[in-house]
$ cat structure27.tsv   # TSV, C-alpha atoms
chain	number	residue	atom	x	y	z
A	1019	MET	CA	35.87	-45.41	-9.87
A	1020	ASN	CA	36.12	-42.89	-7.01
A	1021	ASP	CA	33.92	-39.77	-6.70
A	1022	THR	CA	36.72	-37.39	-7.75
A	1023	SER	CA	37.17	-38.84	-11.22
A	1024	ALA	CA	37.42	-36.11	-13.86
A	1025	SER	CA	34.60	-37.61	-15.90
A	1026	ASP	CA	32.15	-37.86	-12.99
A	1027	TYR	CA	32.98	-34.89	-10.80
A	1028	SER	CA	30.86	-31.74	-10.61
A	1029	VAL	CA	31.70	-28.75	-8.44
A	1030	PRO	CA	29.34	-28.78	-5.42
A	1031	ALA	CA	26.28	-26.52	-5.73
A	1032	GLY	CA	27.35	-24.42	-2.73
A	1033	VAL	CA	30.61	-23.26	-4.32
A	1034	ASP	CA	30.83	-19.60	-5.26
A	1035	ILE	CA	33.50	-17.10	-6.25
A	1036	GLY	CA	34.82	-15.62	-3.02
A	1037	HIS	CA	36.73	-12.62	-4.32
A	1038	THR	CA	38.55	-11.10	-7.25
A	1039	HIS	CA	41.99	-9.53	-7.00
A	1040	LEU	CA	42.87	-6.88	-9.58
A	1041	LYS	CA	46.20	-5.33	-10.52
A	1042	VAL	CA	45.85	-1.54	-10.67
A	1043	ALA	CA	48.21	1.28	-11.60
A	1044	ASP	CA	47.15	3.75	-8.90
A	1045	LEU	CA	45.52	2.58	-5.68
A	1046	ASP	CA	43.91	5.91	-4.81
A	1047	ARG	CA	42.39	6.18	-8.29
A	1048	ALA	CA	41.05	2.62	-8.02
A	1049	LEU	CA	39.58	3.34	-4.58
A	1050	SER	CA	37.93	6.48	-5.91
A	1051	PHE	CA	36.04	4.21	-8.30
A	1052	TYR	CA	35.33	1.11	-6.18
A	1053	HIS	CA	34.68	2.98	-2.91
A	1054	GLY	CA	33.75	6.47	-4.09
A	1055	VAL	CA	31.53	5.60	-7.06
A	1056	LEU	CA	30.36	2.01	-6.56
A	1057	GLY	CA	30.18	2.37	-2.76
A	1058	PHE	CA	32.15	-0.67	-1.58
A	1059	ASP	CA	33.48	-0.41	1.98
A	1060	VAL	CA	37.25	-0.34	2.44
A	1061	THR	CA	37.99	-3.16	4.88
A	1062	GLN	CA	41.78	-2.98	4.87
A	1063	ARG	CA	44.52	-0.92	3.28
A	1064	TYR	CA	48.27	-1.47	3.01
A	1065	GLY	CA	49.64	1.98	2.17
A	1066	THR	CA	49.85	2.55	-1.58
A	1067	GLN	CA	50.29	-1.17	-2.32
A	1068	ALA	CA	46.95	-2.84	-1.69
A	1069	ALA	CA	43.42	-2.42	-0.41
A	1070	PHE	CA	40.45	-4.70	0.12
A	1071	VAL	CA	36.85	-3.64	-0.47
A	1072	SER	CA	33.60	-5.41	0.33
A	1073	ALA	CA	29.86	-5.20	0.70
A	1074	GLY	CA	27.93	-6.22	3.78
A	1075	GLY	CA	30.88	-6.78	6.12
A	1076	TYR	CA	32.57	-9.61	4.19
A	1077	HIS	CA	36.39	-9.54	4.55
A	1078	HIS	CA	36.78	-8.62	0.87
A	1079	HIS	CA	35.01	-9.10	-2.42
A	1080	ILE	CA	37.64	-7.22	-4.42
A	1081	GLY	CA	41.34	-6.90	-3.74
A	1082	LEU	CA	43.22	-4.08	-5.44
A	1083	ASN	CA	47.02	-4.08	-5.63
A	1084	THR	CA	49.94	-2.29	-7.27
A	1085	TRP	CA	52.51	-5.02	-6.55
A	1086	GLU	CA	53.30	-5.69	-10.21
A	1087	SER	CA	51.40	-2.84	-11.84
A	1088	ARG	CA	52.13	0.54	-10.21
A	1089	GLY	CA	52.02	3.13	-12.99
A	1090	GLY	CA	51.24	0.42	-15.55
A	1091	THR	CA	48.89	0.51	-18.48
A	1092	ALA	CA	45.95	-1.69	-19.37
A	1093	PRO	CA	46.70	-4.70	-21.59
A	1094	PRO	CA	46.12	-3.96	-25.26
A	1095	PRO	CA	43.07	-5.39	-27.03
A	1096	GLY	CA	43.57	-8.86	-28.45
A	1097	HIS	CA	45.51	-10.19	-25.45
A	1098	THR	CA	44.42	-12.71	-22.86
A	1099	GLY	CA	43.41	-11.67	-19.37
A	1100	LEU	CA	40.34	-10.78	-17.41
A	1101	TYR	CA	37.28	-10.09	-19.57
A	1102	HIS	CA	35.21	-8.60	-16.76
A	1103	VAL	CA	34.30	-8.84	-13.11
A	1104	ALA	CA	30.57	-9.27	-12.55
A	1105	ILE	CA	29.10	-7.52	-9.53
A	1106	ARG	CA	25.62	-8.84	-8.72
A	1107	TYR	CA	23.13	-6.56	-6.96
A	1108	PRO	CA	20.30	-8.05	-4.89
A	1109	THR	CA	17.49	-6.07	-6.58
A	1110	GLN	CA	16.78	-4.23	-9.79
A	1111	ARG	CA	16.50	-0.99	-7.81
A	1112	ASP	CA	19.95	-1.55	-6.26
A	1113	LEU	CA	21.35	-2.00	-9.76
A	1114	ALA	CA	19.62	1.19	-10.90
A	1115	ILE	CA	21.15	3.14	-7.99
A	1116	ALA	CA	24.64	1.87	-8.88
A	1117	VAL	CA	24.16	2.74	-12.56
A	1118	ARG	CA	22.92	6.22	-11.64
A	1119	ARG	CA	26.07	6.76	-9.52
A	1120	VAL	CA	28.28	5.62	-12.42
A	1121	ILE	CA	26.54	7.96	-14.87
A	1122	ASP	CA	26.64	10.87	-12.39
A	1123	ALA	CA	30.40	10.29	-11.96
A	1124	GLY	CA	30.83	10.73	-15.73
A	1125	ILE	CA	31.98	7.17	-16.31
A	1126	PRO	CA	30.96	6.02	-19.80
A	1127	LEU	CA	28.82	2.92	-20.17
A	1128	GLN	CA	30.04	0.45	-22.79
A	1129	GLY	CA	26.87	-1.56	-23.08
A	1130	ALA	CA	23.60	-2.67	-21.54
A	1131	ALA	CA	21.81	-5.95	-22.10
A	1132	ASP	CA	18.79	-7.93	-21.04
A	1133	HIS	CA	20.05	-11.51	-20.84
A	1134	GLY	CA	16.66	-13.00	-19.94
A	1135	VAL	CA	18.00	-14.31	-16.63
A	1136	SER	CA	19.50	-10.93	-15.73
A	1137	GLU	CA	19.88	-7.28	-16.65
A	1138	ALA	CA	23.46	-6.07	-17.08
A	1139	ILE	CA	25.41	-2.86	-17.59
A	1140	TYR	CA	28.99	-2.93	-18.87
A	1141	LEU	CA	31.79	-0.43	-18.24
A	1142	SER	CA	35.49	-0.29	-17.39
A	1143	ASP	CA	37.22	0.72	-14.19
A	1144	PRO	CA	39.99	3.37	-14.35
A	1145	ASP	CA	42.56	0.64	-15.16
A	1146	GLY	CA	40.60	-0.74	-18.09
A	1147	ASN	CA	39.31	-3.80	-16.23
A	1148	GLY	CA	35.89	-4.80	-17.55
A	1149	ILE	CA	33.05	-4.45	-15.05
A	1150	GLU	CA	29.55	-5.89	-15.32
A	1151	LEU	CA	26.93	-4.54	-12.92
A	1152	TYR	CA	23.85	-6.77	-12.90
A	1153	TRP	CA	20.92	-8.27	-11.05
A	1154	ASP	CA	19.41	-11.71	-11.55
A	1155	ARG	CA	15.71	-12.06	-12.11
A	1156	PRO	CA	14.06	-14.54	-9.74
A	1157	ILE	CA	15.00	-18.06	-10.88
A	1158	GLU	CA	11.37	-18.99	-11.51
A	1159	GLU	CA	11.21	-16.22	-14.15
A	1160	TRP	CA	14.22	-17.42	-16.14
A	1161	PRO	CA	13.48	-18.51	-19.70
A	1162	ARG	CA	14.28	-22.20	-20.11
A	1163	SER	CA	15.02	-24.65	-22.90
A	1164	GLU	CA	12.93	-27.77	-23.38
A	1165	GLY	CA	15.62	-29.57	-21.37
A	1166	GLY	CA	15.20	-27.12	-18.48
A	1167	PHE	CA	18.48	-25.24	-18.94
A	1168	PRO	CA	18.46	-21.43	-18.57
A	1169	LEU	CA	18.23	-19.65	-21.93
A	1170	MET	CA	20.36	-16.55	-22.04
A	1171	GLY	CA	20.23	-13.97	-24.78
A	1172	THR	CA	21.53	-10.51	-25.46
A	1173	ASP	CA	18.55	-8.27	-26.01
A	1174	PRO	CA	18.61	-4.48	-25.67
A	1175	LEU	CA	18.07	-3.17	-22.14
A	1176	ASP	CA	15.84	-0.14	-21.66
A	1177	LEU	CA	18.24	1.94	-19.57
A	1178	ASP	CA	15.72	4.76	-19.06
A	1179	LYS	CA	13.20	2.28	-17.65
A	1180	LEU	CA	15.85	0.85	-15.32
A	1181	LEU	CA	16.84	4.30	-14.09
A	1182	GLN	CA	13.18	5.14	-13.35
A	1183	LYS	CA	13.60	2.82	-10.35
A	1184	VAL	CA	15.57	5.67	-8.68
A	1185	ASP	CA	14.70	8.85	-10.59

$ encode --input "structure27.tsv" --output "C-alpha cells"
Amino acid sequence: MNDTSASDYSVPAGVDIGHTHLKVADLDRALSFYHGVLGFDVTQRYGTQAAFVSAGGYHHHIGLNTWESRGGTAPPPGHTGLYHVAIRYPTQRDLAIAVRRVIDAGIPLQGAADHGVSEAIYLSDPDGNGIELYWDRPIEEWPRSEGGFPLMGTDPLDLDKLLQKVD
C-alpha cells in the first residue's frame, strides 16, 4: 500500500491554515472592523470589491470580498456555512488588548470560555460571521487524558481578570 492511502495518511504536522476568505456586504464596513477595531494591516485593496488584511507582514490572513455578496444579508440560523474564524494571539496580554478594543468599539461579546488549552472570546463581525479571538496556553500546561490527548472543556472565563492585563 502506498503512503497516500486514505486509511494510513495523516496531514503533515507542518500544515496550517493559510488564510480565510469571507463574503461581506460592505467592504468599508468590514475594513472598519478588521482594520479599525482588530488592527489588521490592509495589504491590498481592489476598489469596493475586495481587500486583504494581515498581521506581521504576511500577504493576507483574511480576504474580504463583495463579489457575490454586496448588500447581502447574513445567512439565517440553522443553515450551513462558516461557524467562526479563530484568530490566535501570541500572548494572553495581546488577547486582552484585542478584547478591550472590541469592547471600546461597542461590539457585543457573545461568549467567553476557558477551554483548558486556550482562553477564547466569541463575537460576530458586521456581516454576522462568527469570530473567535483566543490565545493558546503553553503546550506543556495543557490538560491531558491518560492517553496523552489534549482535554478541552468549556469553563467560564473571568473576563475582568483577562482585561486586567491591559487596564

$ atom_distance --input "structure27.tsv" --atom1 "CA of Gly1134 in chain A" --atom2 "CA of Tyr1052 in chain A"
27.1 Å

$ atom_distance --input "structure27.tsv" --atom1 "CA of Lys1179 in chain A" --atom2 "CA of Ala1104 in chain A"
21.5 Å

$ residues_around --input "structure27.tsv" --residues "Lys1041 in chain A" --least-positions-apart "4" --cutoff "8 Å" --atoms "only C-alpha atoms" --output "PyMOL selection string"
chain A and resi 1082-1087

$ atom_distance --input "structure27.tsv" --atom1 "CA of Ala1048 in chain A" --atom2 "CA of Gly1099 in chain A"
18.4 Å

$ residues_around --input "structure27.tsv" --residues "range 1057-1071 of chain A" --least-positions-apart "6" --cutoff "9 Å" --atoms "all atoms listed in the file" --output "list in words"
His1039, Asp1044, Leu1045, Asp1046, Leu1049, Phe1051, His1077, His1078, His1079, Ile1080, Gly1081, Leu1082, Asn1083, Thr1084, Trp1085, Arg1088 and Ala1116 of chain A

$ residues_around --input "structure27.tsv" --residues "Gly1166 in chain A" --least-positions-apart "6" --cutoff "12 Å" --atoms "only C-alpha atoms" --output "VMD selection string"
chain A and resid 1157 to 1158 1160

$ closest_residue --input "structure27.tsv" --among "A:Gln1182, A:Ser1028, A:Ser1163, A:Thr1098" --to "Val1117 in chain A" --atoms "all atoms listed in the file"
A:Gln1182

$ closest_residue --input "structure27.tsv" --among "A:Asp1132, A:Asp1145, A:Glu1150, A:Asp1185" --to "Tyr1107 in chain A" --atoms "all atoms listed in the file"
A:Glu1150

$ residues_around --input "structure27.tsv" --residues "Ile1105 in chain A" --least-positions-apart "3" --cutoff "8 Å" --atoms "only C-alpha atoms" --output "mmCIF file with C-alpha atoms, keeping the file's coordinate frame"
data_model
loop_
_atom_site.group_PDB
_atom_site.id
_atom_site.type_symbol
_atom_site.label_atom_id
_atom_site.label_comp_id
_atom_site.auth_asym_id
_atom_site.auth_seq_id
_atom_site.Cartn_x
_atom_site.Cartn_y
_atom_site.Cartn_z
ATOM 1 C CA ILE A 1149 33.050 -4.450 -15.050
ATOM 2 C CA GLU A 1150 29.550 -5.890 -15.320
ATOM 3 C CA LEU A 1151 26.930 -4.540 -12.920
ATOM 4 C CA TYR A 1152 23.850 -6.770 -12.900
#

$ residues_near_point --input "structure27.tsv" --point "(47.5, -1.1, -15.4)" --cutoff "6 Å" --atoms "all atoms listed in the file" --output "mmCIF file with C-alpha atoms, in the frame of the given file"
data_model
loop_
_atom_site.group_PDB
_atom_site.id
_atom_site.type_symbol
_atom_site.label_atom_id
_atom_site.label_comp_id
_atom_site.auth_asym_id
_atom_site.auth_seq_id
_atom_site.Cartn_x
_atom_site.Cartn_y
_atom_site.Cartn_z
ATOM 1 C CA VAL A 1042 45.850 -1.540 -10.670
ATOM 2 C CA ALA A 1043 48.210 1.280 -11.600
ATOM 3 C CA SER A 1087 51.400 -2.840 -11.840
ATOM 4 C CA GLY A 1090 51.240 0.420 -15.550
ATOM 5 C CA THR A 1091 48.890 0.510 -18.480
ATOM 6 C CA ALA A 1092 45.950 -1.690 -19.370
ATOM 7 C CA ASP A 1145 42.560 0.640 -15.160
#

$ residues_around --input "structure27.tsv" --residues "Gln1128 in chain A" --least-positions-apart "6" --cutoff "9 Å" --atoms "only C-alpha atoms" --output "number ranges by chain"
A: 1139-1142

$ closest_residue --input "structure27.tsv" --among "A:Gly1124, A:Gly1148, A:Pro1094, A:Pro1156" --to "Thr1109 in chain A" --atoms "only C-alpha atoms"
A:Pro1156

$ decode --input "structure27.tsv" --residues "range 1129-1178 of chain A" --atoms "C-alpha atoms" --output "short mmCIF file (atom, residue, chain, number, x, y, z; two decimals), in the first residue's frame"
data_model
loop_
_atom_site.label_atom_id
_atom_site.label_comp_id
_atom_site.auth_asym_id
_atom_site.auth_seq_id
_atom_site.Cartn_x
_atom_site.Cartn_y
_atom_site.Cartn_z
CA GLY A 1129 -19.36 34.42 24.87
CA ALA A 1130 -16.11 33.79 26.69
CA ALA A 1131 -14.65 30.43 27.64
CA ASP A 1132 -11.64 28.82 29.24
CA HIS A 1133 -11.04 25.71 27.16
CA GLY A 1134 -8.13 24.46 29.27
CA VAL A 1135 -5.75 24.64 26.31
CA SER A 1136 -6.82 28.20 25.49
CA GLU A 1137 -8.87 31.22 26.51
CA ALA A 1138 -11.42 32.40 23.95
CA ILE A 1139 -13.80 35.29 23.33
CA TYR A 1140 -16.65 34.96 20.82
CA LEU A 1141 -18.33 37.70 18.78
CA SER A 1142 -19.58 38.42 15.27
CA ASP A 1143 -18.20 40.72 12.61
CA PRO A 1144 -20.56 43.28 10.98
CA ASP A 1145 -21.69 40.64 8.45
CA GLY A 1146 -22.63 38.09 11.09
CA ASN A 1147 -19.54 35.92 10.58
CA GLY A 1148 -18.54 34.25 13.84
CA ILE A 1149 -15.19 35.35 15.24
CA GLU A 1150 -13.18 33.69 17.98
CA LEU A 1151 -10.32 35.68 19.50
CA TYR A 1152 -8.04 33.43 21.56
CA TRP A 1153 -4.61 32.58 22.85
CA ASP A 1154 -3.18 29.12 23.49
CA ARG A 1155 -1.63 28.32 26.82
CA PRO A 1156 1.87 26.86 26.54
CA ILE A 1157 1.54 23.25 25.34
CA GLU A 1158 3.18 21.90 28.49
CA GLU A 1159 0.29 23.39 30.53
CA TRP A 1160 -2.48 21.72 28.53
CA PRO A 1161 -4.63 19.28 30.48
CA ARG A 1162 -4.25 15.78 29.04
CA SER A 1163 -6.12 12.50 29.02
CA GLU A 1164 -4.48 9.30 30.22
CA GLY A 1165 -3.69 8.62 26.56
CA GLY A 1166 -1.91 11.97 26.25
CA PHE A 1167 -4.53 13.74 24.13
CA PRO A 1168 -5.38 17.38 24.95
CA LEU A 1169 -8.50 17.68 27.12
CA MET A 1170 -10.63 20.63 26.14
CA GLY A 1171 -13.55 21.91 28.14
CA THR A 1172 -15.81 24.91 28.22
CA ASP A 1173 -15.41 26.54 31.59
CA PRO A 1174 -16.32 30.16 32.36
CA LEU A 1175 -13.61 32.70 31.58
CA ASP A 1176 -13.01 35.52 34.05
CA LEU A 1177 -13.19 38.41 31.58
CA ASP A 1178 -12.35 41.02 34.23
#
